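Please read the structure below before turning to the comments.
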Amino acid sequence: MDYFIELFFSGLTRGSIYALIALGYTMVYGIIGLINFAHGEIYMIGAFTAFIVATVLSIYGFPLLAIVVIAGVAAVVWSSSYAYTIEKIAYKPLRHAPRLSPLISAIGMSIFLQNYVLLAQTSDFLPFPALIPEFAFMEPIAHIVGSSDLVILITTFIVMIILTIIIKFSKIGKAMRATAQDRMMATLVGINVNSVISATFIVGSALAAIGGLLIASHIGQINFYIGFIAGIKAFTAAVLGGIGSIPGAVLGSLILGLTESFATGYVSSDYEDVFAFSLLVLILIFKPSGLLGKTTNQKV
Amino acid sequence: MLKLENVQSGYGNKLAIKDISIEIKKGEIISLIGANGAGKSTTLMTICGVVACRSGRITFQEEEIQKKNPDEIVSMGICQVPEGRHIFPELTVKENLDMGAFLRKDKEQIKRDMDYVFSLFPILAERRNQDGGTLSGGEQQMLAMSRALMAKPQLLLLDEPSMGLAPLVIKQIFEIIGQINKEQDTTIFLVEQNANQALRVADRAYVMENGGISFSGTAKDMLSNPDIQKAYLGI
């Protein structure tokens with residue numbers, strides 16, 4: 001039973017990280033109908049920023065809490081400015097182009113950013129400082145749920161609540177929903193659609209950066225390639241839950257995380273991807289729009 | 001108040017409106033009638049800045065607006081209810097109305113204006129927490145007009161408000177158009193295929209054909225003009 005609970009929590013942890021990334025995919029898709037393939041790279045850049053800031057600060061002997069907060073803020077700000085710039089350079093000029101063009105542009109951005117970090121940093125795995133301490137009160141159950149699992153779950157939970165409040169009640173949140181539902185009409189009520197799109201990219205990348213910081217600290221190492229794999233998984237989770245749907249992205253991520261965790265635990269870690277993607281195929285066969293996605297009739 | 005001088009615009013390399021001039025004075029109700037594809041909706045979209053104006057001048061209260069962004073034009077006091085209503089389907093009725101007041105900051109007055117539109121259309125007050133997409137066609141038209149009123153426009157552009165509605169609802173909508181014009185002192189530019197109704201409520205009217213203005217005059221004269229009667233009123 002302990003083993004089951006352990007797998008369950010490690011699955012939830014994984015799923016939380018996927019959710020933080022998947023939200024960026026799904027929100028951007030909801031607003032401009034683009035799969036932003038460079039989003040995984042934003043997460044990787046968030047992790048690298050946190051890595052550099054945390055390493056420098058720990059050299060100067062800052063207390064752990066200050067390091068976490070400063071590294072987190074730096075990762076969020078830096079990732080957001082990347083995402084903002086990418087949107088302006090690579091997607092905005094293609095706003096009225098056929099749908100395939102921005103998609104290719106996104107893939108190009110993803111490859112560019114990976115290689116840019118590879119050249120600017122290194123291709124080796126870098127040891128990431130443990131930013132999350134082992135809590136004393138977690139000791140009795142540490143073999144089941146680690147402290148960093150707990151921190152990741154709680155942080156993700158809080159972030160989701162904040163996001164829900166923003167989307168549901170704030171002015172920019174309502175403008176995002178309106179723009180996603182009917183962009184032309186949003187323009188006609190006076191919403192500046194370009195700012196809403198920028199805001200969506202910024203919110204999505206802030207979430208990804210938080211995910212990058214948490215997972216890097218959890219696993220303890222990073223390299224330039226982590227964004228690609230996590231990005232693909234999170235994208236899968238977003239599709240699983242129904243791309244464009246925010247609760248769908250969270251649900252899909254948790255299901256994917258749990259599936260992978262149980263597959264690793266009870267079968268073999270070699271098969272985790274097999275189970276994850278078989279699940280995706282099965283769900284898409286029976287519910288092509290994803291678990292919480294809407295069936296839309298699209299002109300082809 | 002609004003003046004279009006030799007305006008041209010269109011999509012791709014096709015011109016949808018060619019060299020049209022229209023003048024609307026404060027407090028008037030002006031109708032623009034014409035067949036399908038004559039360029040009526042494009043005219044409204046060009047005024048709102050959604051379709052780019054290729055040449056000519058559009059001035060609103062003496063200020064040129066043809067180069068401005070749609071949100072700047074809304075903030076100057078021009079608001080459009082587009083053809084097909086375009087309700088935000090997954091926002092509630094109240095949220096749809098909030099979106100109408102998106103650029104306003106006077107919270108107190110917004111609340112009073114919401115009470116005003118609820119008094120115009122009591123059914124919307126009943127359904128304020130329902131999603132916009134669940135309303136009937138007539139209710140959606142009422143919501144679309146209310147949402148535009150929430151912007152407190154000086155000039156309201158209405159595109160085919162009667163489309164697809166039952167005769168009784170059409171009658172109600174046109175009554176309210178007259179009421180808004182009088183009570184709120186809102187100038188109204190009405191695009192309609194239902195020429196009969198449109199000419200009855202309007203002060204003056206323009207007839208559009210193939211992207212150009214073919215007739216203009218007072219609504220009364222038009223109603224008795226044999227050519228117009230034959231082409232648009234089915235008499």
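Note on naming: chains are A, B, ... as they come in the structure tokens, residues start from 1 per chain, ligands start from 1 in the order shown.
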
Inset, instruction - Quick one: everything within 7 Å of range 40-44 of chain A, counting only C-alpha atoms, minus sequence neighbours fewer than 3 positions away in the same chain. Send it as a ChimeraX atom specification. - result: /A:37,47-48,79,83,110,113-114,205,208-209,211-212,224,226-228,230-231

Output file for the selection above: N, CA and C atoms, as a compact mmCIF listing (two decimals), in the first residue's frame:
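Once everything was written out, this is result-v5.txt:
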# COMPACT_ATOMS: atom_id res chain seq x y z
N PHE A 37 5.07 25.69 -30.11
CA PHE A 37 6.06 24.66 -29.84
C PHE A 37 7.29 25.19 -29.10
N ALA A 47 14.15 27.44 -16.04
CA ALA A 47 15.00 26.61 -15.19
C ALA A 47 16.44 27.12 -15.20
N PHE A 48 16.94 27.49 -16.37
CA PHE A 48 18.32 27.98 -16.47
C PHE A 48 18.50 29.31 -15.73
N SER A 79 11.66 34.55 -18.34
CA SER A 79 10.88 33.71 -19.26
C SER A 79 9.78 34.52 -19.93
N ALA A 83 9.08 35.06 -23.88
CA ALA A 83 7.82 34.69 -24.54
C ALA A 83 7.21 35.91 -25.24
N SER A 110 11.69 27.05 -31.41
CA SER A 110 12.07 26.01 -30.45
C SER A 110 13.49 25.51 -30.72
N LEU A 113 16.05 28.29 -29.88
CA LEU A 113 16.30 28.52 -28.46
C LEU A 113 17.11 27.38 -27.82
N GLN A 114 16.80 26.15 -28.23
CA GLN A 114 17.58 25.02 -27.71
C GLN A 114 19.06 25.20 -28.02
N SER A 205 3.92 31.81 -19.78
CA SER A 205 5.35 31.57 -19.59
C SER A 205 5.73 31.73 -18.12
N ALA A 208 5.09 28.39 -16.70
CA ALA A 208 6.12 27.44 -17.13
C ALA A 208 7.42 27.67 -16.37
N ALA A 209 7.76 28.93 -16.12
CA ALA A 209 9.00 29.24 -15.42
C ALA A 209 8.94 28.71 -13.98
N GLY A 211 7.19 26.17 -13.05
CA GLY A 211 7.36 24.73 -13.23
C GLY A 211 8.82 24.36 -13.42
N GLY A 212 9.53 25.15 -14.21
CA GLY A 212 10.94 24.88 -14.48
C GLY A 212 11.78 24.93 -13.21
N PHE A 224 20.06 21.69 -21.75
CA PHE A 224 19.30 22.48 -22.73
C PHE A 224 18.12 21.71 -23.31
N ILE A 226 15.85 19.69 -21.69
CA ILE A 226 14.71 19.34 -20.83
C ILE A 226 13.40 19.94 -21.32
N GLY A 227 13.49 21.11 -21.99
CA GLY A 227 12.27 21.77 -22.43
C GLY A 227 11.57 21.00 -23.52
N PHE A 228 12.34 20.36 -24.37
CA PHE A 228 11.75 19.65 -25.49
C PHE A 228 10.88 18.50 -24.99
N ALA A 230 9.77 17.80 -21.82
CA ALA A 230 8.66 18.24 -20.97
C ALA A 230 7.59 18.92 -21.82
N GLY A 231 8.03 19.65 -22.83
CA GLY A 231 7.08 20.35 -23.70
C GLY A 231 6.18 19.37 -24.43

Inset, instruction - Give me, as a ChimeraX atom specification, the contact residues of chain B against chain A at a cut-off of 6 Å, counting only C-alpha atoms. - result: /B:71,74,100

Sorted by chain and rising residue number, which residues of range 38-155 of chain B lie within 8 Å of range 203-208 of chain B, and what are their closest atom pairs and distances in Å to one decimal, counting only C-alpha atoms, as a Markdown table?
| residue | atom | partner | partner_atom | distance |
| --- | --- | --- | --- | --- |
| B:Ala38 | CA | B:Met208 | CA | 6.0 |
| B:Gly39 | CA | B:Met208 | CA | 7.3 |
| B:Lys40 | CA | B:Met208 | CA | 7.0 |

Inset, instruction - Give the helix (DSSP H, G or I) residues of range 5-195 of chain B, as DSSP finds them on the backbone, and put them as an NGL selection string. - result: :B and (40-48 or 70-76 or 93-100 or 107-120 or 122-126 or 132-134 or 137-149 or 167-183 or 195)

Inset, instruction - Assign secondary structure with DSSP using the backbone only, and return the residues of range 18-221 of chain B in strand (DSSP E or B) as a PyMOL selection string. - result: chain B and resi 18-24+29-34+53-60+63-64+78-81+92+131+155-159+187-192+204-209+212-218

Inset, instruction - Rank nothing, just name the residue among A:Tyr82, A:Phe137, A:Phe8, A:Tyr25 nearest to Gly244 in chain A, using only C-alpha atoms. - result: A:Tyr25

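The environment of range 159-162 of chain A within 12 Å, counting only C-alpha atoms and disregarding residues fewer than 6 places along the same chain, consists of Ser16, Ile17, Ala19, Leu20, Ile21, Leu23, Val151, Ile152, Leu153, Lys168, Phe169, Ser170, Gly173, Val203, Gly204, Ala206, Leu207, Ala208, Ala209, Ile210, Gly211, Ile246, Pro247, Ala249 and Val250 of chain A.
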
Create the file for the chosen residues now, containing C-alpha atoms and written as a PDB file, in the first residue's frame.
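To be explicit, this is the file written out as out.pdb:
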ATOM      1  CA  SER A  16       1.484  19.231 -11.451  1.00  0.00           C
ATOM      2  CA  ILE A  17       4.589  20.151 -13.392  1.00  0.00           C
ATOM      3  CA  ALA A  19      -0.061  21.144 -15.709  1.00  0.00           C
ATOM      4  CA  LEU A  20       2.027  24.276 -15.166  1.00  0.00           C
ATOM      5  CA  ILE A  21       3.436  23.877 -18.672  1.00  0.00           C
ATOM      6  CA  LEU A  23      -1.676  25.673 -19.264  1.00  0.00           C
ATOM      7  CA  VAL A 151       6.196  21.877  -2.024  1.00  0.00           C
ATOM      8  CA  ILE A 152       5.490  21.266  -5.701  1.00  0.00           C
ATOM      9  CA  LEU A 153       1.919  20.147  -5.008  1.00  0.00           C
ATOM     10  CA  LYS A 168     -12.674  34.478 -13.866  1.00  0.00           C
ATOM     11  CA  PHE A 169     -12.829  37.857 -12.217  1.00  0.00           C
ATOM     12  CA  SER A 170     -10.125  40.235 -13.398  1.00  0.00           C
ATOM     13  CA  GLY A 173      -9.042  37.625 -17.581  1.00  0.00           C
ATOM     14  CA  VAL A 203       0.907  34.452 -18.000  1.00  0.00           C
ATOM     15  CA  GLY A 204       1.588  31.117 -19.716  1.00  0.00           C
ATOM     16  CA  ALA A 206       5.271  32.683 -15.949  1.00  0.00           C
ATOM     17  CA  LEU A 207       3.564  29.384 -15.088  1.00  0.00           C
ATOM     18  CA  ALA A 208       6.116  27.435 -17.135  1.00  0.00           C
ATOM     19  CA  ALA A 209       8.999  29.238 -15.416  1.00  0.00           C
ATOM     20  CA  ILE A 210       7.624  28.315 -11.993  1.00  0.00           C
ATOM     21  CA  GLY A 211       7.359  24.727 -13.225  1.00  0.00           C
ATOM     22  CA  ILE A 246      -8.011  25.308 -18.899  1.00  0.00           C
ATOM     23  CA  PRO A 247      -9.512  22.712 -16.518  1.00  0.00           C
ATOM     24  CA  ALA A 249      -5.163  20.935 -19.280  1.00  0.00           C
ATOM     25  CA  VAL A 250      -4.949  20.359 -15.521  1.00  0.00           C
TER      26      VAL A 250
END

Inset, instruction - Determine, counting only C-alpha atoms, which protein, DNA and RNA residues have an atom within 6 Å of an atom of Arg147 in chain B; residues of the same chain fewer than 3 positions away are not included. Present the result as number ranges by chain. - result: B: 97, 100, 143-144, 150

Please, could you write that set of residues out with N, CA and C atoms as an mmCIF file, in the first residue's frame?
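Saved as out.cif:
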data_model
loop_
_atom_site.group_PDB
_atom_site.id
_atom_site.type_symbol
_atom_site.label_atom_id
_atom_site.label_comp_id
_atom_site.auth_asym_id
_atom_site.auth_seq_id
_atom_site.Cartn_x
_atom_site.Cartn_y
_atom_site.Cartn_z
ATOM 1 N N LEU B 97 -22.259 42.189 -20.791
ATOM 2 C CA LEU B 97 -22.499 43.620 -20.608
ATOM 3 C C LEU B 97 -21.245 44.318 -20.066
ATOM 4 N N GLY B 100 -18.991 45.186 -22.734
ATOM 5 C CA GLY B 100 -19.410 46.388 -23.452
ATOM 6 C C GLY B 100 -18.814 47.636 -22.825
ATOM 7 N N LEU B 143 -29.319 41.505 -26.177
ATOM 8 C CA LEU B 143 -28.069 41.546 -25.422
ATOM 9 C C LEU B 143 -26.998 42.279 -26.221
ATOM 10 N N ALA B 144 -26.944 42.017 -27.531
ATOM 11 C CA ALA B 144 -25.929 42.669 -28.358
ATOM 12 C C ALA B 144 -26.120 44.180 -28.338
ATOM 13 N N MET B 150 -23.765 49.783 -23.299
ATOM 14 C CA MET B 150 -22.914 49.862 -22.100
ATOM 15 C C MET B 150 -21.643 50.664 -22.368
#
